[in-house]
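Colleague: Next up, run-v9.cif (mmCIF, C-alpha atoms and all ligand atoms).
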```
data_query
#
loop_
_atom_site.label_atom_id
_atom_site.label_comp_id
_atom_site.auth_asym_id
_atom_site.auth_seq_id
_atom_site.Cartn_x
_atom_site.Cartn_y
_atom_site.Cartn_z
CA MET A 1 0.00 0.00 0.00
CA LYS A 2 1.25 3.48 -0.80
CA PRO A 3 2.13 5.66 2.18
CA GLU A 4 -0.15 8.63 2.82
CA ARG A 5 0.78 11.99 1.34
CA LEU A 6 0.08 15.66 1.94
CA VAL A 7 -1.92 17.42 -0.77
CA LEU A 8 0.22 20.38 -1.83
CA ALA A 9 0.77 20.28 -5.60
CA ASN A 10 -1.76 21.24 -8.27
CA LEU A 11 -2.51 17.77 -9.61
CA PRO A 12 -3.11 16.31 -12.08
CA THR A 13 -0.79 18.44 -14.19
CA ARG A 14 -1.82 19.02 -17.80
CA ILE A 15 -0.65 16.92 -20.71
CA GLU A 16 -0.44 18.90 -23.95
CA PRO A 17 0.87 18.35 -27.46
CA LEU A 18 4.15 19.99 -28.35
CA ARG A 19 4.23 20.88 -32.01
CA CYS A 20 7.81 21.09 -33.01
CA PRO A 21 8.21 22.10 -36.66
CA ASP A 22 11.48 20.27 -37.37
CA LEU A 23 10.63 16.92 -35.76
CA LYS A 24 8.82 14.08 -37.45
CA TYR A 25 7.17 13.23 -34.10
CA LEU A 26 4.39 14.98 -32.30
CA LEU A 27 5.66 15.04 -28.74
CA TYR A 28 3.57 15.52 -25.64
CA LEU A 29 4.53 17.44 -22.54
CA LYS A 30 3.41 16.79 -18.98
CA ARG A 31 3.50 20.18 -17.30
CA ASP A 32 5.01 19.36 -13.92
CA ASP A 33 6.61 22.79 -14.13
CA GLN A 34 3.11 23.93 -13.16
CA THR A 35 2.67 22.01 -9.91
CA GLY A 36 2.53 25.37 -8.11
CA SER A 37 4.35 28.70 -8.05
CA GLU A 38 6.62 28.70 -5.02
CA PHE A 39 7.06 24.93 -5.12
CA ALA A 40 6.92 24.55 -8.89
CA GLY A 41 8.51 21.49 -10.48
CA ASN A 42 8.97 17.82 -9.72
CA LYS A 43 10.21 18.06 -6.13
CA ILE A 44 6.85 18.85 -4.64
CA ARG A 45 5.52 15.42 -5.64
CA LYS A 46 8.30 13.82 -3.56
CA LEU A 47 7.90 16.28 -0.71
CA GLU A 48 4.21 15.43 -0.37
CA TYR A 49 5.38 12.04 0.91
CA ALA A 50 8.58 12.99 2.73
CA VAL A 51 7.04 15.91 4.64
CA LYS A 52 4.00 13.79 5.60
CA GLU A 53 6.44 11.34 7.16
CA ALA A 54 8.18 14.23 8.95
CA LEU A 55 4.87 15.47 10.39
CA ASP A 56 3.87 11.94 11.40
CA GLN A 57 7.15 11.68 13.31
CA GLY A 58 6.32 14.91 15.17
CA CYS A 59 9.02 17.01 13.45
CA ASN A 60 8.77 20.79 13.31
CA THR A 61 11.95 21.45 11.29
CA LEU A 62 13.06 20.31 7.84
CA ILE A 63 16.75 20.05 6.96
CA THR A 64 17.89 19.49 3.41
CA CYS A 65 20.69 20.26 0.94
CA GLY A 66 21.47 21.04 -2.69
CA GLY A 67 23.34 23.36 -5.02
CA ILE A 68 23.04 27.12 -4.51
CA GLN A 69 20.30 27.16 -7.18
CA SER A 70 18.63 23.96 -5.99
CA ASN A 71 14.99 23.68 -7.03
CA HIS A 72 14.51 21.05 -4.36
CA ALA A 73 15.85 23.30 -1.58
CA ARG A 74 13.55 26.13 -2.71
CA ALA A 75 10.53 23.80 -2.85
CA THR A 76 11.35 22.54 0.67
CA ALA A 77 11.61 26.13 1.95
CA ALA A 78 8.22 26.88 0.38
CA VAL A 79 6.55 23.83 1.91
CA ALA A 80 8.04 24.62 5.33
CA ALA A 81 6.80 28.22 5.21
CA LYS A 82 3.35 27.08 4.09
CA LEU A 83 3.05 24.53 6.91
CA GLY A 84 4.63 26.70 9.62
CA LEU A 85 7.76 24.57 9.95
CA SER A 86 11.36 25.78 10.29
CA CYS A 87 13.70 25.05 7.41
CA HIS A 88 17.49 24.74 7.24
CA LEU A 89 19.23 24.47 3.86
CA PHE A 90 22.83 23.41 3.24
CA LEU A 91 23.61 25.08 -0.08
CA ARG A 92 26.72 24.21 -2.03
CA THR A 93 28.75 27.17 -3.24
CA ASP A 94 32.41 28.11 -3.31
CA GLN A 95 31.66 31.80 -3.64
CA ARG A 96 29.14 33.98 -1.84
CA LEU A 97 26.61 35.23 -4.35
CA HIS A 98 24.03 37.93 -4.32
CA PRO A 99 20.58 36.37 -3.69
CA GLN A 100 19.06 35.53 -7.06
CA GLY A 101 16.95 32.79 -8.68
CA ASN A 102 16.11 29.97 -6.27
CA TYR A 103 18.49 31.30 -3.63
CA LEU A 104 16.60 34.60 -3.58
CA LEU A 105 13.36 32.66 -3.05
CA ASP A 106 14.96 30.61 -0.23
CA GLU A 107 15.72 33.88 1.56
CA LEU A 108 12.27 35.29 0.86
CA LEU A 109 10.69 32.13 2.29
CA GLY A 110 12.68 32.51 5.51
CA ALA A 111 14.90 29.43 5.32
CA THR A 112 18.07 29.43 7.43
CA ILE A 113 20.93 29.02 4.99
CA HIS A 114 24.21 27.24 5.70
CA PHE A 115 26.75 27.67 2.91
CA ILE A 116 28.91 24.65 2.27
CA SER A 117 31.91 24.25 -0.03
CA ALA A 118 31.80 21.81 -2.96
CA ASP A 119 34.32 19.64 -1.20
CA ASP A 120 32.42 19.55 2.10
CA TYR A 121 29.21 18.96 0.22
CA ARG A 122 30.64 15.91 -1.51
CA ASN A 123 32.24 14.39 1.58
CA HIS A 124 30.49 15.69 4.69
CA ARG A 125 26.97 16.91 3.94
CA GLN A 126 25.19 14.01 5.63
CA GLU A 127 27.34 14.34 8.72
CA LYS A 128 26.69 18.11 8.85
CA MET A 129 22.95 17.65 8.48
CA GLU A 130 22.94 15.02 11.24
CA GLN A 131 24.98 17.27 13.51
CA LEU A 132 22.44 20.07 13.02
CA GLN A 133 19.58 17.63 13.54
CA ALA A 134 21.05 16.63 16.91
CA GLU A 135 21.49 20.30 17.91
CA LEU A 136 17.92 21.17 16.95
CA THR A 137 16.33 18.18 18.66
CA ASN A 138 15.35 19.08 22.22
CA GLY A 139 12.14 19.27 24.27
CA ASN A 140 9.32 19.59 21.77
CA ASN A 141 11.63 20.23 18.83
CA LYS A 142 12.48 17.56 16.33
CA ALA A 143 14.15 17.85 12.92
CA TYR A 144 13.71 15.66 9.84
CA ILE A 145 16.43 15.26 7.21
CA ILE A 146 15.42 15.11 3.55
CA PRO A 147 18.34 13.95 1.37
CA GLU A 148 19.43 15.69 -1.82
CA GLY A 149 16.56 15.95 -4.28
CA ALA A 150 14.25 14.06 -1.87
CA SER A 151 15.47 11.03 -3.80
CA ASN A 152 15.04 8.54 -0.99
CA ALA A 153 12.65 5.61 -0.83
CA ILE A 154 9.66 7.60 0.46
CA GLY A 155 10.25 10.44 -2.05
CA THR A 156 10.16 7.94 -4.89
CA PHE A 157 6.42 7.54 -4.37
CA GLY A 158 5.98 11.00 -5.90
CA TYR A 159 6.68 9.73 -9.41
CA TYR A 160 5.20 6.30 -8.79
CA ASN A 161 2.03 8.28 -8.29
CA ALA A 162 2.73 10.48 -11.32
CA LEU A 163 2.81 7.46 -13.63
CA GLU A 164 -0.53 6.28 -12.24
CA GLU A 165 -1.80 9.81 -12.92
CA ILE A 166 -0.51 9.66 -16.52
CA VAL A 167 -2.24 6.32 -17.13
CA ALA A 168 -5.54 7.75 -15.84
CA GLN A 169 -5.07 10.78 -18.15
CA GLU A 170 -4.39 8.50 -21.13
CA LYS A 171 -7.93 7.14 -20.80
CA GLN A 172 -9.42 10.65 -20.80
CA LEU A 173 -7.24 11.80 -23.71
CA GLY A 174 -7.59 8.63 -25.77
CA ILE A 175 -3.82 8.38 -26.23
CA THR A 176 -1.36 5.75 -25.04
CA PHE A 177 2.15 6.97 -24.34
CA ASP A 178 4.53 4.11 -25.13
CA THR A 179 7.58 6.16 -24.13
CA ILE A 180 8.02 8.51 -21.18
CA VAL A 181 11.12 10.66 -20.84
CA CYS A 182 12.44 12.72 -17.92
CA ALA A 183 15.61 14.46 -16.79
CA VAL A 184 17.67 12.60 -14.19
CA GLY A 185 19.59 14.57 -11.55
CA SER A 186 19.48 12.68 -8.25
CA GLY A 187 17.47 9.77 -9.60
CA GLY A 188 14.20 9.70 -7.64
CA THR A 189 11.92 10.94 -10.42
CA TYR A 190 13.15 8.29 -12.84
CA ALA A 191 13.12 5.56 -10.19
CA GLY A 192 9.50 6.32 -9.21
CA LEU A 193 8.36 6.09 -12.84
CA VAL A 194 10.28 2.83 -13.34
CA PHE A 195 8.82 1.29 -10.15
CA ALA A 196 5.23 2.12 -11.13
CA ASN A 197 5.82 0.79 -14.64
CA SER A 198 7.19 -2.51 -13.33
CA HIS A 199 4.81 -2.96 -10.43
CA HIS A 200 1.68 -2.30 -12.50
CA GLN A 201 3.14 -3.86 -15.66
CA PHE A 202 2.14 -0.82 -17.71
CA GLY A 203 4.56 -1.92 -20.43
CA LYS A 204 5.96 1.54 -21.15
CA THR A 205 9.53 2.43 -21.99
CA ILE A 206 10.73 4.82 -19.31
CA ILE A 207 13.78 6.77 -20.45
CA GLY A 208 15.94 8.98 -18.29
CA VAL A 209 18.33 11.59 -19.66
CA ASN A 210 21.08 11.97 -17.10
CA ILE A 211 22.31 15.53 -16.78
CA CYS A 212 25.11 14.62 -14.38
CA ASP A 213 27.03 11.44 -13.54
CA SER A 214 26.68 8.39 -15.82
CA ALA A 215 23.87 6.15 -16.99
CA GLU A 216 25.50 3.28 -15.07
CA HIS A 217 25.47 5.35 -11.86
CA PHE A 218 21.73 5.95 -12.17
CA LYS A 219 21.00 2.29 -12.86
CA GLN A 220 22.68 1.56 -9.55
CA VAL A 221 20.79 4.39 -7.80
CA THR A 222 17.49 2.98 -9.10
CA MET A 223 18.29 -0.56 -7.99
CA GLY A 224 19.50 0.84 -4.65
CA LEU A 225 16.20 2.64 -4.01
CA ARG A 226 14.11 -0.42 -4.77
CA ASP A 227 14.44 -2.25 -1.44
CA GLY A 228 13.44 0.74 0.65
CA PHE A 229 10.60 1.46 -1.76
CA THR A 230 9.16 -2.08 -1.62
CA GLU A 231 9.46 -2.02 2.16
CA TYR A 232 7.14 1.02 2.30
CA LEU A 233 4.88 -0.55 -0.33
CA GLY A 234 4.69 -3.82 1.59
CA GLU A 235 4.99 -5.73 -1.68
CA THR A 236 7.78 -6.63 -4.00
CA PHE A 237 7.96 -6.90 -7.80
CA PRO A 238 10.57 -8.04 -10.30
CA LEU A 239 12.82 -5.41 -11.84
CA ASN A 240 15.78 -6.21 -13.97
CA ASP A 241 18.56 -4.21 -15.49
CA GLU A 242 17.13 -4.47 -19.01
CA GLU A 243 14.15 -2.37 -17.95
CA LEU A 244 16.41 0.57 -17.14
CA HIS A 245 16.90 2.87 -20.11
CA LEU A 246 18.98 6.02 -20.11
CA ILE A 247 20.17 8.25 -22.91
CA ASP A 248 23.72 9.07 -21.91
CA GLY A 249 25.99 11.78 -23.31
CA ASN A 250 24.13 14.92 -22.25
CA VAL A 251 26.10 15.98 -19.18
CA GLY A 252 28.09 18.45 -21.27
CA ARG A 253 30.40 20.59 -19.12
CA GLY A 254 28.97 19.09 -15.91
CA TYR A 255 26.19 19.67 -13.40
CA ALA A 256 24.70 23.16 -13.68
CA LEU A 257 27.28 24.15 -16.28
CA ASN A 258 26.31 24.84 -19.88
CA THR A 259 27.76 25.07 -23.35
CA PRO A 260 26.74 27.87 -25.75
CA ASP A 261 24.95 25.21 -27.85
CA GLU A 262 22.75 24.21 -24.92
CA MET A 263 21.79 27.82 -24.26
CA ASP A 264 21.03 28.36 -27.97
CA PHE A 265 18.86 25.24 -27.91
CA ILE A 266 16.76 26.58 -25.01
CA ARG A 267 16.37 29.97 -26.72
CA ASP A 268 15.46 28.52 -30.11
CA PHE A 269 13.07 25.98 -28.61
CA ALA A 270 11.25 28.72 -26.70
CA ARG A 271 10.87 30.73 -29.89
CA LYS A 272 9.65 27.75 -31.93
CA THR A 273 7.20 26.28 -29.42
CA GLY A 274 6.43 28.81 -26.69
CA VAL A 275 7.82 26.41 -24.08
CA ILE A 276 10.73 27.39 -21.85
CA PHE A 277 13.11 24.82 -20.38
CA ASP A 278 15.69 25.35 -17.67
CA PRO A 279 19.45 25.14 -18.29
CA VAL A 280 20.32 22.57 -15.59
CA TYR A 281 17.78 19.79 -16.16
CA THR A 282 14.99 20.03 -18.70
CA GLY A 283 16.93 21.97 -21.35
CA LYS A 284 19.68 19.35 -21.42
CA ALA A 285 17.16 16.51 -21.28
CA MET A 286 14.96 17.83 -24.09
CA ARG A 287 18.06 18.50 -26.17
CA GLY A 288 19.13 14.88 -25.55
CA LEU A 289 15.71 13.60 -26.60
CA TYR A 290 15.63 15.89 -29.62
CA GLN A 291 18.99 14.66 -30.84
CA ALA A 292 17.99 11.06 -30.14
CA ILE A 293 14.94 11.52 -32.37
CA GLN A 294 16.96 13.15 -35.11
CA THR A 295 19.59 10.41 -35.05
CA ASP A 296 17.05 7.58 -34.82
CA HIS A 297 18.33 6.36 -31.44
CA PRO A 298 17.50 2.64 -30.91
CA LEU A 299 15.61 3.39 -27.67
CA ILE A 300 12.98 5.49 -29.40
CA ARG A 301 13.06 4.12 -32.92
CA LYS A 302 9.80 2.27 -32.37
CA SER A 303 8.10 4.92 -30.22
CA LYS A 304 4.76 6.26 -31.42
CA ASN A 305 3.70 8.63 -28.66
CA ILE A 306 6.43 10.17 -26.54
CA LEU A 307 5.60 12.05 -23.34
CA PHE A 308 8.31 14.32 -21.95
CA ILE A 309 7.85 15.38 -18.34
CA HIS A 310 8.68 19.06 -17.93
CA THR A 311 9.99 18.89 -14.38
CA GLY A 312 10.35 22.67 -13.93
CA GLY A 313 13.45 24.51 -12.79
CA LEU A 314 12.65 27.82 -14.44
CA TYR A 315 13.94 29.99 -11.58
CA GLY A 316 17.39 28.61 -12.43
CA LEU A 317 17.25 30.48 -15.76
CA PHE A 318 17.58 33.93 -14.28
CA PRO A 319 21.07 33.64 -12.79
CA LYS A 320 22.20 32.43 -16.23
CA ALA A 321 20.79 35.35 -18.19
CA GLU A 322 24.23 36.46 -19.34
CA GLU A 323 24.94 33.11 -21.00
CA PHE A 324 22.20 33.63 -23.58
CA LYS A 325 22.89 35.29 -26.91
CA PHE A 326 20.03 37.44 -28.22
C1 LIG B 1 13.81 20.95 -12.62
C2 LIG B 1 14.31 19.59 -12.31
N1 LIG B 1 14.14 18.64 -13.22
C3 LIG B 1 14.60 17.38 -13.01
C4 LIG B 1 15.28 17.06 -11.86
C5 LIG B 1 15.77 15.66 -11.71
O1 LIG B 1 15.01 14.97 -10.79
P1 LIG B 1 15.70 13.87 -9.84
O2 LIG B 1 16.58 14.63 -8.90
O3 LIG B 1 14.57 13.21 -9.18
O4 LIG B 1 16.51 12.98 -10.72
C6 LIG B 1 15.46 18.04 -10.86
C7 LIG B 1 16.19 17.78 -9.61
O5 LIG B 1 17.24 17.20 -9.50
C8 LIG B 1 14.97 19.34 -11.10
O6 LIG B 1 15.12 20.31 -10.18
#
```
Mind converting the file's structure to structure tokens?

Modeller:
Amino acid sequence: MKPERLVLANLPTRIEPLRCPDLKYLLYLKRDDQTGSEFAGNKIRKLEYAVKEALDQGCNTLITCGGIQSNHARATAAVAAKLGLSCHLFLRTDQRLHPQGNYLLDELLGATIHFISADDYRNHRQEKMEQLQAELTNGNNKAYIIPEGASNAIGTFGYYNALEEIVAQEKQLGITFDTIVCAVGSGGTYAGLVFANSHHQFGKTIIGVNICDSAEHFKQVTMGLRDGFTEYLGETFPLNDEELHLIDGNVGRGYALNTPDEMDFIRDFARKTGVIFDPVYTGKAMRGLYQAIQTDHPLIRKSKNILFIHTGGLYGLFPKAEEFKF
């Protein structure tokens, strides 16, 4: 049985056709960028489960972490402010920046911010979050740690649920999506879709486009999340490596770094379709899908109806304004 969740996001999100003049396919977009304003994007689906667990455990503080422009950190700050909880964010940065983009919103939403170097983030973030949790836990106060991207077993239910939502929408729309594509950053969105597909035997091809690390890394992350997930579910289901599909080769210069080509792609796509993607996740992922279609990639060669999940991230565009050429 699925764990209970809070109702925070605007669901179901719309599915709409994306008419792209230079593609032979008609793509469809699921607008998870419109799950809300302050908590826009994919993270809120995961937080509906993680924060419910925090409240059930009697916690009044949320602690989480991410890059300085983390969409997940901003969504957590928004949920905390909405529910009257305290929020502490460990944000990775090697240089102090003026508040802008998601970091500006974190400040506006009243989160307490702890800056952490890239090195400390890589090696010590869990330890630092646990240290803070111990300090904040006293009397009636209790803190709950949400890992990076809320990509833990409970968070994975967010996109397990989203695939069930998509299947219900297919019946209303009279369309079957044989292929579903999403950006992969910490892995929970992709894992949730894969788990729902396997558990319910929906028979879809779920494709992740990794925007950091390697395809192999995310196969391991997905397999690693499965045990915790099935423990919450109270049921198990078969899942083998062949069901895990990723389109590799789209990391570019690295996490949250862009090439001029990627920025041109986002600009040109916006002008052609009226849809704006973000530079860190969805822009790279849609570019990866776009190139895969143009080069007849074996994973999508047989696809008829492709649904791309727009997972949000638009606030991350603004700090990158100077990288666009107009
Ligand atoms: C806008 C956006 N899209 C996609 C992702 C990837 O999701 P996940 O971290 O679950 O892989 C993230 C977060 O990492 C994100 O913020």

Colleague: What does the list of residues within 8 Å of ligand LIG 1 (chain B) look like if you count only C-alpha atoms and all ligand atoms, written as a ChimeraX atom specification?

Modeller: /A:33,41-43,70-72,148-151,182-191,210,278,280-282,310-314

Colleague: From the list A:Ile180, A:Leu233, A:Leu97, A:Val51, which residue is nearest Pro147 of chain A when using all atoms listed in the file?

Modeller: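 For Pro147 of chain A, the nearest of the candidates is A:Val51.
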
Colleague: With all atoms listed in the file as the counted atoms, please give the residues lying no more than 10 Å from Leu173 of chain A, apart from itself and same-chain residues fewer than 4 positions off, as a PyMOL selection string.

Modeller: chain A and resi 15-16+167-169

Colleague: With distances taken over only C-alpha atoms, which of A:Asn240, A:Asn197, A:Asn140, A:Ser117 is nearest to Asp94 of chain A?

Modeller: A:Ser117

Colleague: Find the residue from A:Asp268, A:Glu38, A:Glu53, A:Asp119 that sits nearest to Gly155 of chain A; use only C-alpha atoms when measuring.

Modeller: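 Residue with the minimum atom-to-atom distance to Gly155 of chain A: A:Glu53.
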
Colleague: With 8 Å as the threshold, what does the neighbourhood of (12.6, 1.6, -3.6) contain in terms of residues, counting all atoms listed in the file? Coordinates are those of the file; answer as a ChimeraX atom specification.

Modeller: /A:152-154,156,191-192,195,222-231

Colleague: Could you tell me how far atom CA of Gly316 of chain A sits from atom CA of Lys30 of chain A, in Å to one decimal place?

Modeller: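 Rounded to one decimal, the two atoms are 19.4 Å apart.
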
Colleague: Which residues, written as a PyMOL selection string, have at least one atom at most 8 Å from Phe39 of chain A, with only C-alpha atoms counted and residues fewer than 4 positions away on the same chain left out?

Modeller: chain A and resi 9+35+43-44+74-76+78-79

Colleague: Skip Val209 of chain A itself and residues of its chain fewer than 2 positions away, then list as a PyMOL selection string all residues within 10 Å of it, counting all atoms listed in the file.

Modeller: chain A and resi 181-185+190+207+211-212+214-215+218+245-251+281-282+284-289
